[in-house]
Amino acid sequence: MVWSQAINPLGNLGLSALIAGIPVIFLFIALAGLRMKGHVAGLITLVLAVLVARYAFGMPAQYALLSTLYGSLYGLLPIGWIVITAVFLYNLTVKTGQFEIIKDSIASITDDRRLQALLIAFSFGAFIEGAAGFGTPVAITAAMLVGLGFNPLYAAGICLIANTAPVAFGGVGIPIITAGAVTGLDAMAVSRMAGRQLPFLSVFVPFWLVLIMSGWKGVKEVLPAVLVSGISFALMQWFSSNFLSPMLPDIMSSLFSIICLVCLLKFWKPAKVWRFKDEPAATLKIHRHSPGIILKAWSPFIILTIFIADWGLKPVKVLLDTVTVQIPFTGLDQMIIAGGNPLSVVYTFNWLSATGTSILIAAAISALVLRVTPGKFLAIFFEALKSLRYALLTIACVLGFAYVANWSGMTTTLGRAFTITGAAFPFVSAFLGWLGVFVTGSDTSANALFCNMQKVTAESMGINPVLTVATNSSGGVAAKMISPQSIVVGTSSTGLTGREGDLFLFTLPHSLLFTFIVALIALAQAYIFPWMIPSAVAAASAASGVTEGGALILALTGALVLVLAFAAYRVNGYPATKEKTASL
């Protein structure tokens, strides 16, 4: 039976929107008010969405359940597969002791607290966000800063504020990929748009961090470092998001920022080393390692970057997609009329070309480099899988909800209701993303919830939907520092359990300021600088242009992987044997 979406089933747009918003409102209350666990709240929200779709919007029960299944499958592959393999690779470096060497290589560069904040909280935190995400950046960097002698509240607050610039791209681009999935927009177009918004914030964040710590005088004393840290990050963020892939900006921007700042510190130092007044004694002992040992520790993430870049090449993707399996959803395919056209519902099982597969291969090569036995390799993998079981369930529920909402017409109803904001909607878009991340604690979840609504609303108002969808992700980054999950991670990793309220009040003004900045950027891009907004066609064209000569690039990077693996394998000592202990 062919069924057409009912956009205003109750005959009153406001009332229909209120009913359509019941699952979203419940999710807000469940997470922010009732403090439910994410997977429990997600399951109940999904059930509510199915009930609203069936009884308020008239969607046949079979279609609602099949929509749920389709969304859940998409949540597990490719999105969940990326999460599993990214966390697995990160855990591989932790379990083999290599991550301690990576931490040492960052923490031993300078004694100045301001520069340590730039290197560890800003750049290194962004690197961990790109490699693992899920609260890991704040947990690790805040604990490092406390160990170096930072006041715990400042350490947690600074790391939460610093973890702003990379969140939109998240762990290996998952938020942007999700935004493309739920809206049908090209993920590369969304990536390009976010890459034309966030660099302005990325330049500002290092300046703001140092200003919070040491005031205007302190900023002037380390202004060269502030500029190098922010501008280098912003430039690489813009380049990688616009010309490479949404999966690479965090990793490449953070590494480039670290390298540029380290190079600067080889030739320039602040006139005096700055420390907090009455700061606690340092407890973290920093070990200095040889270049070979450091290369070996960083090798998994270098290999990861290379493989993700290669998987994004058009010739490689075309080759890998030859083993793709297309699975039509019989009983749902061509059975829903949306916007006058039947929906094609075909699940693409492209396991080989999936980004998660490239990460798994990078992990396998890294295991050879790090001399990890097959038994330990599998044990670490299944441990990561076990630790993520509830996160994966949450992702499946949220994506299932998103597809039920989209295909039943609930999202379109909500989108039309938001047209009352008029020309100010691009400004409002940022705060919608902020609200979504505040409640869910995840830019990925906020994009799954709101991005299609952002698209529908923008299209109904004649605004390019690429702008508002990207703004949902860009605006959401500023709420990461105040979301309940992030606050708990910050307090627990710095020994501040019980002081969550203090940390929330510390970060709230900065969160609102950053969201306001993103909102102004989006408003300006909508009406003053519309040439900054890419179209999906332009994005696809640009991506294809980068892949010219893809076979040569693949051969060169493949050779680089082999050379790197051989060089790192030849490094003796595990863990490092040639090291000096230096307590800061």
# chains A, B, ... in the order shown; residues from 1 in each chain; ligands from 1

$ residues_around --residues "Leu73 in chain A" --least-positions-apart "6" --cutoff "10 Å" --atoms "only C-alpha atoms" --output "PyMOL selection string"
chain A and resi 67+79-80+347-349+395-397+399-400

$ residues_around --residues "Phe127 in chain A" --least-positions-apart "5" --cutoff "8 Å" --atoms "only C-alpha atoms" --output "list in words"
Asp250, Ile251, Met252, Ser253, Ser254 and Leu255 of chain A

$ closest_residue --among "A:Ala49, A:Leu69, A:Leu201, A:Leu304" --to "Val345 in chain A" --atoms "only C-alpha atoms"
A:Leu69

$ atom_distance --atom1 "CA of Leu18 in chain A" --atom2 "CA of Gly409 in chain A"
13.2 Å

$ closest_residue --among "A:Val466, A:Leu360, A:Thr515, A:Ala391" --to "Phe377 in chain A" --atoms "only C-alpha atoms"
A:Leu360

$ residues_around --residues "Ser191 in chain A" --least-positions-apart "3" --cutoff "12 Å" --atoms "only C-alpha atoms" --output "NGL selection string"
:A and (168-170 or 173-180 or 185-188 or 194-198 or 237-250 or 466-467 or 469-471 or 473-474 or 533-536 or 539-540 or 542-543)

$ closest_residue --among "A:Leu46, A:Ala367, A:Val205, A:Ala56" --to "Thr68 in chain A" --atoms "only C-alpha atoms"
A:Leu46

$ atom_distance --atom1 "CA of Gly147 in chain A" --atom2 "CA of Ser257 in chain A"
22.9 Å

$ select_by_dssp --residues "range 325-481 of chain A" --states "strand (DSSP E)" --output "PyMOL selection string"
chain A and resi 325-328+336-338+341-342+346-349

$ write_last_selection --atoms "C-alpha atoms" --output "mmCIF file, in the first residue's frame"
data_model
loop_
_atom_site.group_PDB
_atom_site.id
_atom_site.type_symbol
_atom_site.label_atom_id
_atom_site.label_comp_id
_atom_site.auth_asym_id
_atom_site.auth_seq_id
_atom_site.Cartn_x
_atom_site.Cartn_y
_atom_site.Cartn_z
ATOM 1 C CA VAL A 325 25.764 -5.387 -1.687
ATOM 2 C CA GLN A 326 22.512 -3.494 -2.360
ATOM 3 C CA ILE A 327 19.617 -4.666 -0.159
ATOM 4 C CA PRO A 328 16.192 -3.248 -1.164
ATOM 5 C CA ILE A 336 6.211 6.272 0.889
ATOM 6 C CA ILE A 337 5.355 9.424 -1.065
ATOM 7 C CA ALA A 338 7.383 12.412 0.186
ATOM 8 C CA ASN A 341 7.906 11.440 -5.117
ATOM 9 C CA PRO A 342 8.241 7.841 -3.853
ATOM 10 C CA VAL A 346 17.806 0.511 -0.413
ATOM 11 C CA TYR A 347 20.379 -0.387 2.229
ATOM 12 C CA THR A 348 23.932 -0.239 0.879
ATOM 13 C CA PHE A 349 26.200 -2.773 2.568
#
